[in-house]
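> Sharing my_file-v1.txt, compact mmCIF, C-alpha atoms and all ligand atoms:
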# COMPACT_ATOMS: atom_id res chain seq x y z
CA MET K 1 55.78 126.45 12.82
CA ASN K 2 58.65 127.61 15.01
CA LYS K 3 57.47 128.49 18.49
CA ARG K 4 58.25 131.89 19.98
CA ILE K 5 60.79 131.72 22.79
CA ILE K 6 60.15 133.89 25.83
CA VAL K 7 62.79 134.40 28.54
CA GLN K 8 61.47 135.85 31.77
CA LYS K 9 63.40 136.69 34.93
CA TYR K 10 61.79 137.08 38.34
CA GLY K 11 63.79 138.88 41.03
CA GLY K 12 64.09 138.08 44.73
CA SER K 13 61.21 140.18 46.01
CA SER K 14 58.90 138.64 43.37
CA VAL K 15 59.50 135.21 44.90
CA ALA K 16 59.98 136.29 48.52
CA ASN K 17 57.58 133.71 50.01
CA ILE K 18 55.42 130.73 49.07
CA ASP K 19 52.38 132.86 48.19
CA ARG K 20 54.47 134.96 45.83
CA ILE K 21 56.02 131.85 44.28
CA LYS K 22 52.52 130.50 43.63
CA ALA K 23 51.50 133.86 42.15
CA VAL K 24 54.57 133.88 39.88
CA ALA K 25 53.75 130.31 38.76
CA LYS K 26 50.22 131.44 37.91
CA ARG K 27 51.54 134.44 36.04
CA ILE K 28 53.98 132.31 34.02
CA LEU K 29 51.11 130.00 33.04
CA SER K 30 49.06 133.01 31.95
CA PHE K 31 51.75 133.69 29.32
CA LYS K 32 51.97 130.08 28.12
CA THR K 33 50.28 129.22 24.84
CA ASN K 34 50.66 126.37 22.35
CA ASN K 35 52.76 128.66 20.21
CA ASN K 36 55.43 129.63 22.70
CA CYS K 37 58.14 128.19 24.90
CA ILE K 38 58.95 129.78 28.25
CA VAL K 39 62.31 129.80 30.01
CA VAL K 40 62.28 131.40 33.44
CA VAL K 41 65.33 132.62 35.33
CA VAL K 42 64.77 133.05 39.02
CA SER K 43 66.63 134.78 41.85
CA ALA K 44 66.90 133.58 45.43
CA LEU K 45 63.91 134.16 47.73
CA GLY K 46 63.77 137.68 49.15
CA ASP K 47 66.98 138.60 50.94
CA THR K 48 68.39 135.06 50.99
CA THR K 49 71.65 136.01 49.25
CA ASP K 50 72.38 138.74 51.82
CA GLU K 51 71.54 136.35 54.64
CA LEU K 52 73.84 133.65 53.28
CA GLU K 53 76.64 136.18 52.92
CA GLU K 54 76.13 137.31 56.49
CA LEU K 55 76.36 133.74 57.78
CA ALA K 56 79.85 133.46 56.31
CA PHE K 57 80.93 136.91 57.54
CA ASN K 58 79.83 135.88 61.03
CA ILE K 59 82.57 133.28 60.87
CA THR K 60 85.37 135.31 59.26
CA LYS K 61 85.98 138.62 57.50
CA ASN K 62 87.83 136.79 54.76
CA PRO K 63 85.92 133.72 53.58
CA SER K 64 87.35 132.11 50.45
CA ASP K 65 85.68 133.18 47.22
CA ARG K 66 85.22 129.59 46.09
CA GLU K 67 83.32 128.68 49.25
CA MET K 68 81.26 131.88 49.01
CA ASP K 69 80.10 130.73 45.58
CA MET K 70 79.20 127.30 46.94
CA LEU K 71 77.19 129.04 49.63
CA MET K 72 75.56 131.91 47.72
CA SER K 73 74.47 129.76 44.77
CA THR K 74 72.28 127.63 47.03
CA GLY K 75 69.65 130.40 47.25
CA GLU K 76 68.75 130.09 43.58
CA GLN K 77 68.70 126.30 43.75
CA ILE K 78 65.91 126.53 46.33
CA SER K 79 63.84 129.07 44.41
CA CYS K 80 64.06 127.29 41.04
CA ALA K 81 62.97 123.98 42.55
CA LEU K 82 60.07 125.60 44.43
CA LEU K 83 58.91 127.43 41.32
CA ALA K 84 58.96 124.23 39.26
CA ILE K 85 57.00 122.49 42.03
CA ALA K 86 54.45 125.35 42.04
CA ILE K 87 53.99 125.23 38.26
CA LYS K 88 53.52 121.48 38.29
CA ALA K 89 51.02 121.83 41.15
CA GLN K 90 49.06 124.19 38.91
CA GLY K 91 48.87 121.56 36.19
CA HIS K 92 51.69 122.26 33.71
CA ASP K 93 54.87 120.30 33.30
CA ALA K 94 58.02 122.12 34.39
CA ILE K 95 61.64 121.31 35.16
CA SER K 96 64.27 123.19 37.14
CA PHE K 97 67.98 123.32 36.39
CA THR K 98 71.08 124.74 38.04
CA GLY K 99 73.54 126.80 35.97
CA HIS K 100 75.82 123.75 35.81
CA GLN K 101 73.06 121.53 34.45
CA VAL K 102 72.32 123.86 31.54
CA GLY K 103 75.98 124.31 30.71
CA ILE K 104 76.59 127.94 31.76
CA LYS K 105 80.39 127.82 31.56
CA THR K 106 82.32 130.64 33.19
CA ASP K 107 85.89 131.63 33.93
CA LYS K 108 87.33 130.99 37.39
CA SER K 109 86.80 134.47 38.87
CA HIS K 110 84.79 133.34 41.85
CA THR K 111 82.09 135.78 43.08
CA ASN K 112 82.29 137.78 39.85
CA ALA K 113 82.71 135.18 37.11
CA ARG K 114 82.30 135.93 33.42
CA ILE K 115 80.19 133.69 31.21
CA GLU K 116 82.26 132.05 28.46
CA SER K 117 79.66 129.84 26.81
CA ILE K 118 76.23 128.32 27.32
CA SER K 119 75.31 124.99 25.77
CA ALA K 120 71.59 125.03 26.71
CA ARG K 121 71.20 121.50 25.31
CA ARG K 122 69.00 120.38 28.20
CA ILE K 123 66.89 123.52 27.93
CA ARG K 124 66.16 122.86 24.26
CA LYS K 125 65.30 119.24 24.97
CA ALA K 126 62.91 120.18 27.79
CA LEU K 127 61.28 122.89 25.68
CA ALA K 128 60.75 120.37 22.88
CA GLU K 129 58.85 118.28 25.46
CA ASN K 130 56.67 121.36 26.13
CA LYS K 131 58.02 121.80 29.66
CA ILE K 132 58.38 125.19 31.24
CA VAL K 133 62.07 125.49 32.06
CA ILE K 134 63.21 127.17 35.26
CA VAL K 135 66.89 128.07 35.50
CA ALA K 136 68.67 129.11 38.70
CA GLY K 137 69.98 132.63 38.07
CA PHE K 138 73.31 134.12 39.15
CA GLN K 139 75.38 130.95 38.72
CA GLY K 140 77.54 128.95 36.38
CA VAL K 141 80.36 126.46 36.51
CA SER K 142 84.07 126.83 35.82
CA LYS K 143 86.28 124.53 33.74
CA ASP K 144 87.30 122.86 37.01
CA ASN K 145 83.64 122.00 37.64
CA ASP K 146 83.46 124.46 40.52
CA ILE K 147 80.27 126.47 41.01
CA THR K 148 80.74 130.18 40.28
CA THR K 149 78.50 133.22 40.69
CA LEU K 150 78.11 136.15 38.32
CA GLY K 151 78.32 139.15 40.68
CA ARG K 152 75.47 140.64 42.71
CA GLY K 153 72.31 141.11 40.68
CA GLY K 154 73.69 138.44 38.34
CA SER K 155 70.34 136.79 37.59
CA ASP K 156 69.73 139.66 35.17
CA LEU K 157 72.87 138.56 33.34
CA SER K 158 71.76 134.90 33.35
CA ALA K 159 68.48 135.96 31.71
CA VAL K 160 70.05 138.15 29.02
CA ALA K 161 72.75 135.58 28.24
CA LEU K 162 70.13 132.83 27.91
CA ALA K 163 67.99 135.07 25.70
CA GLN K 164 71.02 135.49 23.42
CA THR K 165 71.88 131.77 23.38
CA LEU K 166 68.30 130.71 22.68
CA LYS K 167 67.72 133.59 20.21
CA ALA K 168 64.66 134.43 22.26
CA ASP K 169 61.89 136.58 20.81
CA VAL K 170 61.27 138.32 24.13
CA CYS K 171 63.41 139.03 27.21
CA GLU K 172 61.43 140.29 30.18
CA ILE K 173 62.76 141.27 33.60
CA PHE K 174 60.02 141.17 36.23
CA THR K 175 60.76 143.10 39.40
CA ASP K 176 59.16 144.92 42.32
CA VAL K 177 58.83 148.27 40.49
CA LYS K 178 56.92 149.01 37.29
CA GLY K 179 60.00 149.69 35.20
CA ILE K 180 63.01 151.98 35.09
CA TYR K 181 62.27 155.26 36.85
CA THR K 182 63.86 158.69 36.59
CA THR K 183 65.42 157.90 39.96
CA ASP K 184 65.01 155.27 42.66
CA PRO K 185 61.29 155.48 43.52
CA ARG K 186 62.18 154.51 47.09
CA ILE K 187 64.03 157.84 47.43
CA VAL K 188 61.78 160.14 45.40
CA LYS K 189 58.03 159.53 45.47
CA GLN K 190 57.52 161.67 42.37
CA ALA K 191 59.93 159.57 40.26
CA ARG K 192 58.44 158.88 36.83
CA LYS K 193 58.50 155.63 34.89
CA ILE K 194 60.54 155.99 31.70
CA LYS K 195 58.91 154.42 28.63
CA VAL K 196 62.00 153.88 26.52
CA ILE K 197 65.66 154.12 27.49
CA THR K 198 68.76 153.30 25.45
CA PHE K 199 71.32 150.63 26.31
CA ASP K 200 73.91 153.38 26.76
CA GLU K 201 71.76 155.34 29.21
CA MET K 202 70.76 152.23 31.15
CA LEU K 203 74.35 151.03 31.30
CA GLU K 204 75.42 154.39 32.68
CA MET K 205 72.55 154.49 35.20
CA ALA K 206 73.25 150.92 36.33
CA SER K 207 76.99 151.52 36.65
CA LEU K 208 76.34 154.71 38.60
CA GLY K 209 74.09 153.06 41.16
CA ALA K 210 70.60 152.27 39.78
CA GLN K 211 70.40 148.78 41.20
CA VAL K 212 67.30 147.86 39.18
CA MET K 213 69.43 146.19 36.43
CA GLN K 214 72.88 144.66 36.77
CA ALA K 215 75.25 146.73 34.59
CA ARG K 216 76.96 143.66 33.11
CA SER K 217 73.63 142.34 31.84
CA ILE K 218 73.11 145.58 29.92
CA GLU K 219 76.59 145.30 28.38
CA VAL K 220 75.59 141.91 26.97
CA ALA K 221 72.19 143.18 25.81
CA LYS K 222 73.91 146.06 24.06
CA ARG K 223 76.56 143.87 22.43
CA PHE K 224 73.95 141.53 20.93
CA ASN K 225 71.18 144.11 20.57
CA ILE K 226 68.68 142.28 22.78
CA PRO K 227 65.76 144.57 23.69
CA ILE K 228 64.73 144.15 27.33
CA HIS K 229 61.34 144.81 28.84
CA VAL K 230 61.61 145.69 32.55
CA ARG K 231 58.21 145.39 34.19
CA SER K 232 56.31 144.65 37.36
CA SER K 233 55.81 141.15 38.77
CA PHE K 234 52.61 142.32 40.34
CA SER K 235 50.71 143.94 37.44
CA LYS K 236 50.35 143.44 33.69
CA GLU K 237 51.14 147.08 32.94
CA GLU K 238 53.74 147.89 30.28
CA GLY K 239 57.09 148.68 31.84
CA THR K 240 60.23 150.20 30.29
CA MET K 241 61.84 149.08 27.04
CA ILE K 242 65.63 149.14 26.99
CA VAL K 243 66.64 149.42 23.35
CA LYS K 244 69.47 150.44 21.06
CA LYS K 245 67.99 153.70 19.84
CA ASN K 246 65.27 155.90 21.21
CA MET K 247 63.07 156.85 18.27
CA LYS K 248 61.97 160.15 19.82
CA LEU K 249 62.80 163.10 17.56
CA GLU K 250 64.94 164.80 20.18
CA GLU K 251 66.90 163.18 22.95
CA VAL K 252 66.17 164.36 26.48
CA ALA K 253 69.13 166.00 28.14
CA VAL K 254 68.68 164.24 31.46
CA GLN K 255 66.87 160.89 31.73
CA GLY K 256 67.64 160.09 35.32
CA VAL K 257 69.45 160.73 38.58
CA THR K 258 71.37 158.00 40.38
CA SER K 259 73.40 157.76 43.54
CA SER K 260 75.84 155.28 44.94
CA LYS K 261 77.50 154.80 48.28
CA SER K 262 79.70 151.95 47.20
CA ASP K 263 82.96 153.89 46.90
CA ALA K 264 85.47 155.41 49.33
CA LYS K 265 88.08 158.12 48.79
CA ILE K 266 91.82 157.93 49.37
CA THR K 267 93.94 161.11 49.42
CA ILE K 268 97.72 161.16 49.28
CA CYS K 269 98.90 164.57 50.50
CA ALA K 270 102.01 166.47 49.42
CA VAL K 271 102.99 164.26 46.52
CA PRO K 272 106.17 165.54 44.79
CA ASP K 273 105.06 167.06 41.48
CA GLN K 274 107.34 165.22 39.07
CA PRO K 275 106.87 163.17 35.92
CA GLY K 276 106.21 159.49 36.63
CA ILE K 277 104.83 159.88 40.14
CA ALA K 278 101.18 159.22 39.22
CA ALA K 279 102.29 156.17 37.27
CA LYS K 280 104.10 154.84 40.35
CA ILE K 281 101.11 155.38 42.64
CA PHE K 282 98.51 153.82 40.39
CA THR K 283 100.72 150.91 39.37
CA GLU K 284 101.07 150.05 43.05
CA VAL K 285 97.33 150.34 43.69
CA SER K 286 96.43 148.32 40.60
CA LYS K 287 98.63 145.45 41.82
CA THR K 288 96.01 144.90 44.55
CA GLY K 289 93.36 144.22 41.90
CA THR K 290 91.48 147.40 42.80
CA ASN K 291 89.61 149.39 40.15
CA VAL K 292 90.35 153.04 40.70
CA ASP K 293 87.58 155.32 39.47
CA ILE K 294 87.61 159.12 39.80
CA ILE K 295 91.07 160.70 40.13
CA VAL K 296 91.68 164.32 41.06
CA GLN K 297 95.08 165.99 41.19
CA ASN K 298 95.23 169.49 42.60
CA VAL K 299 97.21 172.33 41.09
CA SER K 300 100.71 172.46 42.43
CA HIS K 301 102.05 175.73 43.82
CA THR K 302 104.84 174.38 45.98
CA ARG K 303 106.05 171.57 43.70
CA HIS K 304 103.86 169.30 45.82
CA THR K 305 100.28 168.31 45.12
CA ASP K 306 97.47 166.27 46.70
CA ILE K 307 96.09 163.34 44.72
CA SER K 308 92.66 161.91 45.58
CA PHE K 309 90.98 158.91 44.04
CA THR K 310 87.98 156.69 44.66
CA VAL K 311 87.97 152.91 45.03
CA PRO K 312 85.17 150.42 45.79
CA LYS K 313 84.63 150.29 49.58
CA LYS K 314 85.22 146.55 49.56
CA ASP K 315 88.77 147.15 48.29
CA LEU K 316 89.53 150.10 50.57
CA SER K 317 91.79 148.38 53.07
CA LYS K 318 94.13 146.84 50.50
CA ALA K 319 94.16 149.97 48.31
CA PHE K 320 94.86 152.11 51.38
CA ALA K 321 97.75 149.87 52.43
CA ALA K 322 99.20 150.09 48.91
CA ALA K 323 98.80 153.90 48.89
CA ARG K 324 100.60 154.20 52.23
CA SER K 325 103.45 152.05 51.15
CA ILE K 326 104.03 153.93 47.87
CA ALA K 327 103.56 157.31 49.63
CA GLN K 328 106.47 156.46 51.90
CA ARG K 329 108.69 155.41 49.03
CA ILE K 330 108.06 158.57 46.98
CA LYS K 331 108.39 160.76 50.08
CA ALA K 332 104.83 162.03 49.96
CA GLY K 333 102.91 163.20 53.03
CA GLU K 334 100.01 161.76 54.95
CA VAL K 335 97.52 159.31 53.39
CA GLN K 336 93.85 159.73 54.34
CA GLN K 337 90.76 157.63 53.74
CA ASP K 338 87.13 158.69 53.72
CA LYS K 339 84.29 156.19 53.72
CA ASN K 340 81.61 158.84 54.11
CA ILE K 341 81.33 159.81 50.48
CA ALA K 342 78.59 159.27 47.92
CA ARG K 343 78.50 159.71 44.19
CA ILE K 344 75.55 161.50 42.71
CA SER K 345 75.06 161.43 38.95
CA ILE K 346 72.80 162.66 36.19
CA VAL K 347 72.50 160.63 32.99
CA GLY K 348 71.09 161.37 29.54
CA SER K 349 72.06 160.92 25.88
CA GLY K 350 70.88 164.44 25.07
CA MET K 351 73.73 165.88 27.15
CA ARG K 352 75.87 165.61 24.04
CA SER K 353 73.81 168.34 22.39
CA HIS K 354 72.52 170.44 25.29
CA HIS K 355 74.70 172.99 27.03
CA GLY K 356 74.49 174.27 30.59
CA ILE K 357 73.69 170.90 32.13
CA ALA K 358 76.81 170.76 34.31
CA ALA K 359 76.30 174.37 35.39
CA LYS K 360 72.73 173.62 36.42
CA MET K 361 73.83 170.56 38.38
CA PHE K 362 76.50 172.50 40.28
CA GLN K 363 74.14 175.45 40.92
CA THR K 364 71.50 173.10 42.30
CA LEU K 365 73.99 171.48 44.67
CA ALA K 366 75.31 174.90 45.70
CA LYS K 367 71.81 176.23 46.43
CA ASN K 368 71.34 173.25 48.72
CA LYS K 369 74.68 173.88 50.45
CA ILE K 370 76.10 170.60 49.22
CA ASN K 371 79.85 170.71 48.77
CA ILE K 372 81.31 169.02 45.69
CA GLU K 373 84.51 167.09 46.49
CA MET K 374 85.20 165.58 43.07
CA ILE K 375 83.70 165.74 39.59
CA ALA K 376 83.73 163.21 36.77
CA THR K 377 82.08 163.33 33.38
CA SER K 378 81.41 160.99 30.49
CA GLU K 379 79.71 161.79 27.21
CA ILE K 380 76.29 161.08 28.72
CA SER K 381 76.74 161.58 32.47
CA ILE K 382 78.05 163.98 35.10
CA SER K 383 78.94 162.75 38.58
CA CYS K 384 79.85 164.60 41.74
CA VAL K 385 81.33 163.11 44.88
CA ILE K 386 79.67 164.60 47.96
CA ASN K 387 79.28 163.82 51.66
CA ASN K 388 77.04 160.77 51.98
CA ALA K 389 74.84 162.37 54.62
CA GLN K 390 73.57 164.74 51.91
CA VAL K 391 72.81 162.22 49.24
CA ILE K 392 69.02 162.04 49.60
CA LYS K 393 68.77 165.81 49.63
CA ALA K 394 70.93 165.94 46.49
CA VAL K 395 68.89 163.32 44.60
CA LYS K 396 65.64 165.12 45.42
CA ALA K 397 67.01 168.53 44.48
CA LEU K 398 68.46 167.38 41.14
CA HIS K 399 65.34 165.42 40.27
CA LYS K 400 63.33 168.59 40.79
CA ALA K 401 65.78 170.95 39.10
CA PHE K 402 65.77 168.89 35.90
CA GLN K 403 61.96 168.57 36.07
CA LEU K 404 61.96 164.80 36.01
CA GLU K 405 58.92 164.36 38.23
CA LYS K 406 55.53 162.96 37.26
CA ARG K 407 53.44 165.38 35.28
CA PRO K 408 50.28 165.96 37.32
CA SER K 409 47.34 164.26 35.53
CA LYS K 410 44.71 166.64 34.22
P1 LIG Q 1 65.09 142.26 41.87
O1 LIG Q 1 65.06 141.57 43.18
O2 LIG Q 1 63.79 142.13 41.11
O3 LIG Q 1 66.29 141.93 41.03
P2 LIG Q 1 66.33 144.73 42.69
O4 LIG Q 1 66.12 144.98 44.14
O5 LIG Q 1 67.64 144.22 42.23
O6 LIG Q 1 65.13 143.80 42.20
O7 LIG Q 1 66.00 146.06 41.86
C1 LIG Q 1 64.77 146.71 42.01
C2 LIG Q 1 64.94 147.92 42.92
O8 LIG Q 1 65.82 148.84 42.30
C3 LIG Q 1 63.66 148.70 43.13
O9 LIG Q 1 62.95 148.22 44.23
C4 LIG Q 1 64.14 150.14 43.29
O10 LIG Q 1 64.02 150.60 44.61
C5 LIG Q 1 65.61 150.10 42.90
N1 LIG Q 1 65.96 151.17 41.95
C6 LIG Q 1 67.05 151.97 42.04
N2 LIG Q 1 67.08 152.86 41.05
C7 LIG Q 1 65.99 152.63 40.28
C8 LIG Q 1 65.47 153.24 39.09
N3 LIG Q 1 66.09 154.25 38.49
N4 LIG Q 1 64.32 152.74 38.58
C9 LIG Q 1 63.69 151.71 39.17
N5 LIG Q 1 64.12 151.10 40.30
C10 LIG Q 1 65.26 151.55 40.85
N1 LIG Q 2 70.43 136.56 44.34
C1 LIG Q 2 71.52 137.27 43.72
C2 LIG Q 2 71.72 138.61 44.41
O1 LIG Q 2 70.97 138.93 45.32
C3 LIG Q 2 71.34 137.45 42.25
C4 LIG Q 2 70.14 138.29 41.84
O2 LIG Q 2 69.20 138.47 42.61
O3 LIG Q 2 70.14 138.75 40.70
O4 LIG Q 2 72.60 139.33 44.05
MG MG Q 3 68.30 142.69 40.91
Would you kindly transcribe this structure into structure tokens?


Amino acid sequence: MNKRIIVQKYGGSSVANIDRIKAVAKRILSFKTNNNCIVVVVSALGDTTDELEELAFNITKNPSDREMDMLMSTGEQISCALLAIAIKAQGHDAISFTGHQVGIKTDKSHTNARIESISARRIRKALAENKIVIVAGFQGVSKDNDITTLGRGGSDLSAVALAQTLKADVCEIFTDVKGIYTTDPRIVKQARKIKVITFDEMLEMASLGAQVMQARSIEVAKRFNIPIHVRSSFSKEEGTMIVKKNMKLEEVAVQGVTSSKSDAKITICAVPDQPGIAAKIFTEVSKTGTNVDIIVQNVSHTRHTDISFTVPKKDLSKAFAAARSIAQRIKAGEVQQDKNIARISIVGSGMRSHHGIAAKMFQTLAKNKINIEMIATSEISISCVINNAQVIKAVKALHKAFQLEKRPSK
């Protein structure tokens, strides 16, 4: 009989200290039977990755990406070894591997590498020997044999990619909350756990700031149709299923509210309103490798217009320099930057068939005296850029306005 293959991922807070590592080991063993094989992906202990990053930034603002990967990947090497030690101490055979050892091959984009292939030969061999396999999340190796990392939150991606390679029967993401909530439960106490969410909705929520799953991991899950169960490391309760299609008769208009403070805004004032000018500006900015997101161009009354756009905060200085240089060449006016913005979004597949959702969002923000600086929409989301000091107020107000809170129990 073919054994069932279970891939489980435990996040940083689930393995934050030795007691938690022992508890995770115990939990993994509680899932182990003679009829299954378990592969565990583990993140670095607690805030280790942030701490490692800070060590480098204490030396220089511009550490090399290759060396950052050498540094940041060490966190997961520690946690996977400790977890294997804990499982063995509890009486079951286990073996830990780095990304390199299990053949997670990536491209060379250090700090945000893409997985190209996974051989998993050593995993299969160890599973055949009935060992529990622990894989260091977040890392791989490039063709040049350099260690790479998969972007922040990348252990989620390691888990989903391994589930695909191994054709796993189950892919479970264990974390410090009980599942995917209608909004970050740290911001809104009344946030409600969602039972089932689609890949599209989760991808949108993750891309728009819900840190609970890495967006890239959901892209892979969607591409290969790998259902994911997001659940708590600390209880056995059912969590949230992320699936292709929600089998409810009607789709809800709004599933969740997210917010993100990771972008900044650049405004080029008094841009001559002529064909080809936008192309010139954004060609120049794209040369810096920056991903521009929301773009707003005002109506022109004087044959000049202001153009504003958002960029990731980490790319602000190079994008700003590029904007200033092109502004001079096209004889535009002043170039401004604003780091104090936040993006607040509502997400839901049912938006396609419900009307009045945008109006309700804008009314809610207006009632709360929150000024909207920019607006962006997709088929299943609406985002507004606002002042970041108002973001918590905005999340709470929208969560309430769309009645996403817990239903009081009778
Ligand atoms: P892990 O270390 O397990 O990978 P993360 O810190 O990456 O965990 O993600 C879990 C956190 O994501 C939660 O503690 C929660 O505060 C936050 N979060 C943000 N938005 C949501 C949401 N919509 N649902 C659940 N958690 C969310
Ligand atoms: N430790 C890495 C990070 O903090 C990867 C992960 O936890 O998923 O981003
Ligand atoms: Mg995470």

> By how many Å are atom CA of Glu405 of chain K and atom CA of Ile372 of chain K apart?

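Going from atom CA of Glu405 of chain K over to atom CA of Ile372 of chain K, I get 24.1 Å.
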
> Given only C-alpha atoms as the basis, pick out the residue of K:Asp263, K:Ile344, K:Ala81, K:Gln297 nearest to Lys313 of chain K.

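Among K:Asp263, K:Ile344, K:Ala81, K:Gln297, it is K:Asp263 that comes nearest to Lys313 of chain K.
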
> Could I get the residue neighbourhood of ligand MG 3 (chain Q) at 10 Å, counting only C-alpha atoms and all ligand atoms, as a list in words?

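I would give the residues around ligand MG 3 (chain Q) as Lys9, Tyr10, Gly11, Gly12, Ser13, Ser43, Arg152, Gly153, Gly154, Ser155, Asp156, Leu157, Ile173, Phe174, Thr175, Asp176, Ala210, Gln211, Val212, Met213 and Gln214 of chain K.
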
> So what do you get for atom CA of Pro227 of chain K versus atom CA of Glu172 of chain K, distance-wise?

8.9 Å

> Report the distance between atom CA of Gly348 of chain K and atom CA of Glu251 of chain K in Å, rounded to one decimal place.

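Calculated distance between atom CA of Gly348 of chain K and atom CA of Glu251 of chain K is 8.0 Å.
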
> Let me make sure I understand: among K:Ser217, K:Thr288, K:Asn387, K:Asn371, which one has the smallest atom-to-atom distance to Ser260 of chain K if we use only C-alpha atoms?

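When distances to Ser260 of chain K are compared using only C-alpha atoms, the smallest one comes from K:Asn387.
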
> Excluding Ser325 of chain K and its own-chain neighbours fewer than 4 positions away, which residues fall within 10 Å of it when counting only C-alpha atoms? Please give them as a PDB file with C-alpha atoms, in the frame of the given file.


ATOM      1  CA  ILE K 281     101.110 155.380  42.640  1.00  0.00           C
ATOM      2  CA  GLU K 284     101.070 150.050  43.050  1.00  0.00           C
ATOM      3  CA  VAL K 285      97.330 150.340  43.690  1.00  0.00           C
ATOM      4  CA  ALA K 319      94.160 149.970  48.310  1.00  0.00           C
ATOM      5  CA  PHE K 320      94.860 152.110  51.380  1.00  0.00           C
ATOM      6  CA  ALA K 321      97.750 149.870  52.430  1.00  0.00           C
ATOM      7  CA  ARG K 329     108.690 155.410  49.030  1.00  0.00           C
ATOM      8  CA  ILE K 330     108.060 158.570  46.980  1.00  0.00           C
ATOM      9  CA  VAL K 335      97.520 159.310  53.390  1.00  0.00           C
TER      10      VAL K 335
END

> For a quick check of understanding, using all atoms listed in the file, which of K:Arg223, K:His399, K:His354, K:Lys193 has the smallest distance to ligand LIG 1 (chain Q)?

K:Lys193

> Which residues are near Ala253 of chain K? Cut-off 10 Å, all atoms listed in the file, ignore same chain within fewer than 4 positions. Put them as a list in words.

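Final neighbour list, sorted by chain and number: Ile346, Val347, Gly348, Ser349, Gly350, Met351, Arg352, Ser353, His354, His355, Ile357, Ile380, Ser381 and Phe402 of chain K.
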
> Around all the atoms of segment 75-91 of chain K listed in the file, draw an axis-aligned box and extend it by 3 Å on each of the six sides; I want its centre and edge lengths in Å to one decimal, as AutoDock Vina command-line options.


--center_x 59.3 --center_y 125.9 --center_z 41.7 --size_x 26.8 --size_y 14.9 --size_z 17.1

> Would you please work out which residue, of K:Val133, K:Ala323, K:Ala16, K:Val141, is nearest to Asp69 of chain K when using all atoms listed in the file?

K:Val141

> Taking the block above, write segment 71-82 of chain K with N, CA and C atoms as a short mmCIF file (atom, residue, chain, number, x, y, z; two decimals), in the first residue's frame.


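Saved result, out21.cif, follows:
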data_model
loop_
_atom_site.label_atom_id
_atom_site.label_comp_id
_atom_site.auth_asym_id
_atom_site.auth_seq_id
_atom_site.Cartn_x
_atom_site.Cartn_y
_atom_site.Cartn_z
N LEU K 71 23.76 34.67 5.35
CA LEU K 71 23.46 34.99 6.75
C LEU K 71 22.04 34.53 7.14
N MET K 72 21.06 34.97 6.35
CA MET K 72 19.65 34.75 6.73
C MET K 72 19.28 33.27 6.71
N SER K 73 19.93 32.49 5.85
CA SER K 73 19.56 31.07 5.75
C SER K 73 20.02 30.28 6.97
N THR K 74 20.90 30.87 7.77
CA THR K 74 21.41 30.10 8.93
C THR K 74 20.31 29.87 9.97
N GLY K 75 19.34 30.77 10.04
CA GLY K 75 18.27 30.63 11.03
C GLY K 75 17.55 29.30 10.89
N GLU K 76 17.21 28.95 9.66
CA GLU K 76 16.46 27.72 9.41
C GLU K 76 17.34 26.48 9.60
N GLN K 77 18.64 26.65 9.43
CA GLN K 77 19.52 25.49 9.64
C GLN K 77 19.51 25.10 11.12
N ILE K 78 19.46 26.12 11.98
CA ILE K 78 19.41 25.86 13.43
C ILE K 78 18.09 25.17 13.78
N SER K 79 16.97 25.74 13.31
CA SER K 79 15.68 25.19 13.75
C SER K 79 15.45 23.77 13.23
N CYS K 80 15.92 23.48 11.99
CA CYS K 80 15.63 22.13 11.48
C CYS K 80 16.47 21.09 12.23
N ALA K 81 17.70 21.46 12.59
CA ALA K 81 18.51 20.50 13.36
C ALA K 81 17.90 20.28 14.74
N LEU K 82 17.50 21.38 15.41
CA LEU K 82 16.93 21.24 16.76
C LEU K 82 15.65 20.41 16.73
#
